[in-house]
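Presented below is the structure to which this report refers.
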Amino acid sequence: LAVPPPRRATQKKPPRRFQVRQIPMLVLLDDQGKTVHRDITPAVTHIVEDSDGDSFADQFPWHEKRHTNIKQMLGETFLKGDMSEVAINELEGKYIGLLFSATWHWQCRRFSQMLEYMYEKLKGEGKEFEIIDMDYSGPDMPWLALPQKACDVKQKLGEAFRVENAPPMLVIIDPEGSVVTTEGVEIVSKDMEGECFPWTPKPLYDLSTLEPEILGEMNDTVTCVCLCEGCDDATKEAVAEAMMPVAEEAFNAAKASGCEAGMLFFTATETSDVVYQLRMSCELGEPTGVPQLVILDIPDSGAYYVFDGENISTENIQMFIEDYDEERLERRELQEDEEGEGEGEGQ
């Protein structure tokens, strides 16, 4: 079966709901519409290409094993650079970074240098943070590593986080073993001083401060932003209160399903380079005492949509998002590239 071409709104919802970032991608749903597996493509490839695939096919419908406590997958002991062992119970109360890297890869070596700087800084400040490398890299290794015999642990973790062939990848988990973020590489590159540690995700962000844990998501995820940097404090507070229920609903739904959020939510309470660039790109003009609500769909060729109204209530935000889903809004495109070309021509 296929979605008929005229039903563009229907075609838009699945990519946002399931965070489609590469193709092919095959999502399995049960008869109630609930997600069975977020991407069964590797399984299909296995069946087609592997002569022993029949035994795997017998496992249909391939229910995804979602691990809510990653700590339970790590094993009991880890190695220091000097090959001495550290027990898992010594990591109680700590945030842990799981490092997937390759010493022969120049990008991994460069990232390791940045990570080591942040690691040593956080440790020096007494922060409860540790790193576990999937591979022991030698006596100069500043953090911990899985024992060389723990190949099955490394494989299971790689499958759980869909580690691709091109490392590095850094996954942050909290003291309870839950995933904080899989965007650790982006975090380190943007927050080498560790000022935003422990980078815990939240439903509603402030675009003015732009926490590093969300930077890597903005270009890949539909974003709802309310710009209110020209408003008084009471209006800014009212805007945040109006957005929070909508943001929390999306946040909690994503957390419960095991999928990443289909939409990110921001306020913009102060002027910053990012907020100014957004205003110029969306042709919103200078800040005023009236909040302005926009939806950015950067993955859709830089599309954006502007709310036609001044009453930023929870109900109006929900209706605005529904109108976006149903393609009832006027589609516009970000003007950043055109401005850049114009500046280049004038020089």
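Residue numbering restarts at 1 for every chain of the structure tokens, chains are lettered A, B, ... in their displayed order, and ligands are numbered from 1 as they appear.
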Give me the residues of range 92-174 of chain A that have any atom at most 6 Å from an atom of range 69-84 of chain A; for each, the nearest atom pair and the distance in Å, rounded to one decimal. Use only C-alpha atoms, sort by chain and number, and format it as a tab-separated table.
residue	atom	partner	partner_atom	distance
A:Gly138	CA	A:Gly81	CA	5.9
A:Pro139	CA	A:Gly81	CA	4.1
A:Asp140	CA	A:Gly81	CA	5.8
A:Met141	CA	A:Gly81	CA	4.9
A:Leu144	CA	A:Lys80	CA	4.9
A:Ala145	CA	A:Leu79	CA	5.2
A:Leu146	CA	A:Phe78	CA	5.1
A:Pro147	CA	A:Phe78	CA	5.8
Could you dump the residues just selected with N, CA, C and O atoms as a PDB file, in the first residue's frame?
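Result file selection_11.pdb:
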ATOM      1  N   GLY A 138      45.092   2.004  25.896  1.00  0.00           N
ATOM      2  CA  GLY A 138      46.470   2.042  26.340  1.00  0.00           C
ATOM      3  C   GLY A 138      46.654   2.675  27.704  1.00  0.00           C
ATOM      4  O   GLY A 138      45.709   3.200  28.303  1.00  0.00           O
ATOM      5  N   PRO A 139      47.864   2.645  28.234  1.00  0.00           N
ATOM      6  CA  PRO A 139      48.132   3.138  29.598  1.00  0.00           C
ATOM      7  C   PRO A 139      47.890   4.629  29.790  1.00  0.00           C
ATOM      8  O   PRO A 139      47.728   5.088  30.925  1.00  0.00           O
ATOM      9  N   ASP A 140      47.883   5.409  28.699  1.00  0.00           N
ATOM     10  CA  ASP A 140      47.654   6.850  28.815  1.00  0.00           C
ATOM     11  C   ASP A 140      46.166   7.210  28.806  1.00  0.00           C
ATOM     12  O   ASP A 140      45.827   8.392  28.858  1.00  0.00           O
ATOM     13  N   MET A 141      45.326   6.219  28.742  1.00  0.00           N
ATOM     14  CA  MET A 141      43.882   6.474  28.722  1.00  0.00           C
ATOM     15  C   MET A 141      43.459   7.147  30.029  1.00  0.00           C
ATOM     16  O   MET A 141      43.698   6.609  31.111  1.00  0.00           O
ATOM     17  N   LEU A 144      37.916   5.279  32.013  1.00  0.00           N
ATOM     18  CA  LEU A 144      37.738   3.832  32.120  1.00  0.00           C
ATOM     19  C   LEU A 144      37.430   3.226  30.750  1.00  0.00           C
ATOM     20  O   LEU A 144      37.093   3.931  29.803  1.00  0.00           O
ATOM     21  N   ALA A 145      37.528   1.910  30.680  1.00  0.00           N
ATOM     22  CA  ALA A 145      37.197   1.200  29.440  1.00  0.00           C
ATOM     23  C   ALA A 145      36.582  -0.151  29.788  1.00  0.00           C
ATOM     24  O   ALA A 145      36.789  -0.691  30.880  1.00  0.00           O
ATOM     25  N   LEU A 146      35.832  -0.684  28.847  1.00  0.00           N
ATOM     26  CA  LEU A 146      35.333  -2.042  29.007  1.00  0.00           C
ATOM     27  C   LEU A 146      36.500  -3.020  28.946  1.00  0.00           C
ATOM     28  O   LEU A 146      37.464  -2.799  28.200  1.00  0.00           O
ATOM     29  N   PRO A 147      36.446  -4.099  29.703  1.00  0.00           N
ATOM     30  CA  PRO A 147      37.475  -5.136  29.570  1.00  0.00           C
ATOM     31  C   PRO A 147      37.476  -5.691  28.147  1.00  0.00           C
ATOM     32  O   PRO A 147      36.432  -5.732  27.478  1.00  0.00           O
TER      33      PRO A 147
END
Find the residues around range 92-100 of chain A up to 7 Å (only C-alpha atoms counted), leave out those fewer than 2 positions away in its own chain, and share them as a tab-separated table (two decimals) with N, CA, C and O atoms, in the first residue's frame.
chain	number	residue	atom	x	y	z
A	89	ASN	N	29.87	-0.61	41.23
A	89	ASN	CA	29.29	0.08	42.38
A	89	ASN	C	30.08	1.33	42.77
A	89	ASN	O	29.58	2.17	43.52
A	90	GLU	N	31.30	1.48	42.25
A	90	GLU	CA	32.08	2.70	42.49
A	90	GLU	C	31.59	3.86	41.64
A	90	GLU	O	32.02	5.00	41.83
A	128	GLU	N	30.19	14.74	39.42
A	128	GLU	CA	30.00	13.28	39.40
A	128	GLU	C	29.88	12.80	37.96
A	128	GLU	O	28.79	12.61	37.43
A	129	PHE	N	31.02	12.62	37.33
A	129	PHE	CA	31.04	12.28	35.90
A	129	PHE	C	32.16	11.29	35.63
A	129	PHE	O	33.27	11.42	36.17
A	130	GLU	N	31.86	10.29	34.80
A	130	GLU	CA	32.86	9.31	34.40
A	130	GLU	C	32.62	8.94	32.93
A	130	GLU	O	31.52	9.11	32.41
A	131	ILE	N	33.66	8.49	32.29
A	131	ILE	CA	33.58	8.03	30.90
A	131	ILE	C	34.01	6.58	30.83
A	131	ILE	O	35.01	6.19	31.45
A	132	ILE	N	33.26	5.80	30.07
A	132	ILE	CA	33.64	4.41	29.81
A	132	ILE	C	33.82	4.25	28.31
A	132	ILE	O	32.86	4.38	27.53
A	133	ASP	N	35.04	3.99	27.91
A	133	ASP	CA	35.36	3.77	26.50
A	133	ASP	C	35.02	2.32	26.15
A	133	ASP	O	35.21	1.41	26.96
A	134	MET	N	34.50	2.11	24.96
A	134	MET	CA	34.18	0.75	24.53
A	134	MET	C	35.43	-0.06	24.23
A	134	MET	O	35.38	-1.29	24.17
A	167	PRO	N	32.46	6.56	13.64
A	167	PRO	CA	32.48	7.14	14.97
A	167	PRO	C	33.07	8.56	14.88
A	167	PRO	O	33.51	8.96	13.81
A	168	PRO	N	33.13	9.33	15.96
A	168	PRO	CA	32.82	8.94	17.33
A	168	PRO	C	31.35	9.13	17.68
A	168	PRO	O	30.61	9.84	16.98
A	169	MET	N	30.95	8.52	18.80
A	169	MET	CA	29.62	8.72	19.37
A	169	MET	C	29.76	8.69	20.88
A	169	MET	O	30.49	7.86	21.42
A	170	LEU	N	29.09	9.63	21.56
A	170	LEU	CA	29.14	9.70	23.01
A	170	LEU	C	27.71	9.74	23.54
A	170	LEU	O	26.95	10.66	23.22
A	171	VAL	N	27.36	8.72	24.33
A	171	VAL	CA	26.03	8.63	24.93
A	171	VAL	C	26.15	8.96	26.42
A	171	VAL	O	27.00	8.39	27.10
A	172	ILE	N	25.33	9.88	26.90
A	172	ILE	CA	25.34	10.25	28.32
A	172	ILE	C	24.18	9.58	29.02
A	172	ILE	O	23.04	9.67	28.56
A	173	ILE	N	24.46	8.87	30.12
A	173	ILE	CA	23.39	8.27	30.92
A	173	ILE	C	23.44	8.87	32.33
A	173	ILE	O	24.50	9.30	32.80
A	174	ASP	N	22.30	8.89	32.99
A	174	ASP	CA	22.22	9.48	34.33
A	174	ASP	C	22.54	8.43	35.39
A	174	ASP	O	22.75	7.25	35.07
A	175	PRO	N	22.60	8.81	36.67
A	175	PRO	CA	22.95	7.84	37.73
A	175	PRO	C	22.01	6.64	37.82
A	175	PRO	O	22.41	5.60	38.34
Report task. List every residue of range 59-124 of chain A that DSSP, applied to the backbone, labels as strand (DSSP E), and write the result as a PyMOL selection string. Result -> chain A and resi 77-79+85-87+95-100
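Atom to atom, CA of Glu315 in chain A and CA of Asp297 in chain A stand 21.0 Å apart.
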Would you write out, as a Markdown table, a table of all residues in range 284-326 of chain A that have an atom no more than 6 Å from an atom of range 223-233 of chain A, listing for each the closest atom pair and the distance in Å to one decimal, considering only C-alpha atoms and ordering rows by chain and rising residue number?
| residue | atom | partner | partner_atom | distance |
| --- | --- | --- | --- | --- |
| A:Pro287 | CA | A:Gly230 | CA | 4.9 |
| A:Thr288 | CA | A:Gly230 | CA | 4.8 |
| A:Gly289 | CA | A:Cys231 | CA | 4.2 |
| A:Pro291 | CA | A:Cys228 | CA | 4.5 |
| A:Gln292 | CA | A:Leu227 | CA | 5.2 |
| A:Leu293 | CA | A:Cys226 | CA | 4.3 |
| A:Val294 | CA | A:Val225 | CA | 5.4 |
| A:Ile295 | CA | A:Cys224 | CA | 4.4 |
| A:Leu296 | CA | A:Thr223 | CA | 5.0 |
Query raised in the report: Between CA of Phe111 in chain A and CA of Lys123 in chain A, what is the distance, to one decimal in Å?
Result: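 Straight-line distance from CA of Phe111 in chain A to CA of Lys123 in chain A works out to 18.0 Å.
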Query raised in the report: Gln113 in chain A: which residues within 12 Å, counting only C-alpha atoms, same-chain residues fewer than 4 positions away excluded, as an MDAnalysis selection string?
Result: chainID A and resid 103 106:109 117:120 141:142 185 188:189 192
Residues as selected, N, CA, C and O atoms, written as a PDB file, in the first residue's frame, can you do that?
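For reference, again.pdb as written:
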ATOM      1  N   THR A 103      40.689   4.672  17.581  1.00  0.00           N
ATOM      2  CA  THR A 103      41.935   5.427  17.697  1.00  0.00           C
ATOM      3  C   THR A 103      42.593   5.703  16.346  1.00  0.00           C
ATOM      4  O   THR A 103      43.367   6.649  16.209  1.00  0.00           O
ATOM      5  N   TRP A 106      40.957   9.908  12.443  1.00  0.00           N
ATOM      6  CA  TRP A 106      41.428  11.247  12.835  1.00  0.00           C
ATOM      7  C   TRP A 106      40.349  12.047  13.555  1.00  0.00           C
ATOM      8  O   TRP A 106      40.645  12.815  14.480  1.00  0.00           O
ATOM      9  N   GLN A 107      39.081  11.870  13.150  1.00  0.00           N
ATOM     10  CA  GLN A 107      38.012  12.596  13.832  1.00  0.00           C
ATOM     11  C   GLN A 107      37.869  12.126  15.277  1.00  0.00           C
ATOM     12  O   GLN A 107      37.595  12.916  16.181  1.00  0.00           O
ATOM     13  N   CYS A 108      38.067  10.833  15.500  1.00  0.00           N
ATOM     14  CA  CYS A 108      37.991  10.286  16.854  1.00  0.00           C
ATOM     15  C   CYS A 108      39.141  10.813  17.714  1.00  0.00           C
ATOM     16  O   CYS A 108      38.948  11.151  18.881  1.00  0.00           O
ATOM     17  N   ARG A 109      40.330  10.864  17.148  1.00  0.00           N
ATOM     18  CA  ARG A 109      41.473  11.378  17.906  1.00  0.00           C
ATOM     19  C   ARG A 109      41.265  12.843  18.280  1.00  0.00           C
ATOM     20  O   ARG A 109      41.547  13.267  19.410  1.00  0.00           O
ATOM     21  N   TYR A 117      39.798  17.201  27.702  1.00  0.00           N
ATOM     22  CA  TYR A 117      39.842  18.517  28.346  1.00  0.00           C
ATOM     23  C   TYR A 117      38.611  18.712  29.224  1.00  0.00           C
ATOM     24  O   TYR A 117      38.720  19.122  30.389  1.00  0.00           O
ATOM     25  N   MET A 118      37.426  18.442  28.683  1.00  0.00           N
ATOM     26  CA  MET A 118      36.203  18.628  29.453  1.00  0.00           C
ATOM     27  C   MET A 118      36.140  17.647  30.617  1.00  0.00           C
ATOM     28  O   MET A 118      35.734  18.007  31.734  1.00  0.00           O
ATOM     29  N   TYR A 119      36.562  16.423  30.391  1.00  0.00           N
ATOM     30  CA  TYR A 119      36.548  15.392  31.431  1.00  0.00           C
ATOM     31  C   TYR A 119      37.413  15.799  32.621  1.00  0.00           C
ATOM     32  O   TYR A 119      36.972  15.747  33.781  1.00  0.00           O
ATOM     33  N   GLU A 120      38.619  16.236  32.332  1.00  0.00           N
ATOM     34  CA  GLU A 120      39.532  16.629  33.409  1.00  0.00           C
ATOM     35  C   GLU A 120      39.002  17.856  34.145  1.00  0.00           C
ATOM     36  O   GLU A 120      39.147  17.971  35.368  1.00  0.00           O
ATOM     37  N   MET A 141      45.326   6.219  28.742  1.00  0.00           N
ATOM     38  CA  MET A 141      43.882   6.474  28.722  1.00  0.00           C
ATOM     39  C   MET A 141      43.459   7.147  30.029  1.00  0.00           C
ATOM     40  O   MET A 141      43.698   6.609  31.111  1.00  0.00           O
ATOM     41  N   PRO A 142      42.812   8.326  29.974  1.00  0.00           N
ATOM     42  CA  PRO A 142      42.487   9.059  31.206  1.00  0.00           C
ATOM     43  C   PRO A 142      41.237   8.562  31.913  1.00  0.00           C
ATOM     44  O   PRO A 142      41.012   8.906  33.071  1.00  0.00           O
ATOM     45  N   VAL A 185      28.698  14.053  21.359  1.00  0.00           N
ATOM     46  CA  VAL A 185      29.747  14.651  20.518  1.00  0.00           C
ATOM     47  C   VAL A 185      29.443  16.121  20.274  1.00  0.00           C
ATOM     48  O   VAL A 185      30.323  16.991  20.375  1.00  0.00           O
ATOM     49  N   VAL A 188      30.021  18.175  23.546  1.00  0.00           N
ATOM     50  CA  VAL A 188      31.430  18.445  23.852  1.00  0.00           C
ATOM     51  C   VAL A 188      31.971  19.556  22.959  1.00  0.00           C
ATOM     52  O   VAL A 188      32.702  20.444  23.405  1.00  0.00           O
ATOM     53  N   SER A 189      31.601  19.536  21.685  1.00  0.00           N
ATOM     54  CA  SER A 189      32.110  20.547  20.754  1.00  0.00           C
ATOM     55  C   SER A 189      31.564  21.938  21.063  1.00  0.00           C
ATOM     56  O   SER A 189      32.221  22.940  20.774  1.00  0.00           O
ATOM     57  N   MET A 192      32.713  22.755  25.813  1.00  0.00           N
ATOM     58  CA  MET A 192      33.942  22.119  26.283  1.00  0.00           C
ATOM     59  C   MET A 192      34.237  22.445  27.744  1.00  0.00           C
ATOM     60  O   MET A 192      34.945  21.698  28.418  1.00  0.00           O
TER      61      MET A 192
END
Query raised in the report: What is the distance, in Å and to one decimal place, between CA of Leu204 in chain A and CA of Met244 in chain A?
Result: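 Straight-line distance from CA of Leu204 in chain A to CA of Met244 in chain A works out to 6.5 Å.
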Query - Contacts of Tyr305 in chain A within 12 Å, only C-alpha atoms, excl. fewer than 2 positions in-chain, as a count of residues only - result: 34
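Counting only C-alpha atoms, the residue from A:Gln335, A:Thr221, A:Thr269, A:Thr314 that sits nearest to Glu248 in chain A is A:Thr314.
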Report task. Mind checking which residues fall within 6 Å of Ala247 in chain A, counting only C-alpha atoms, ignoring those fewer than 3 positions away in the same chain, and posting them as number ranges by chain? Result -> A: 203, 244, 250, 265
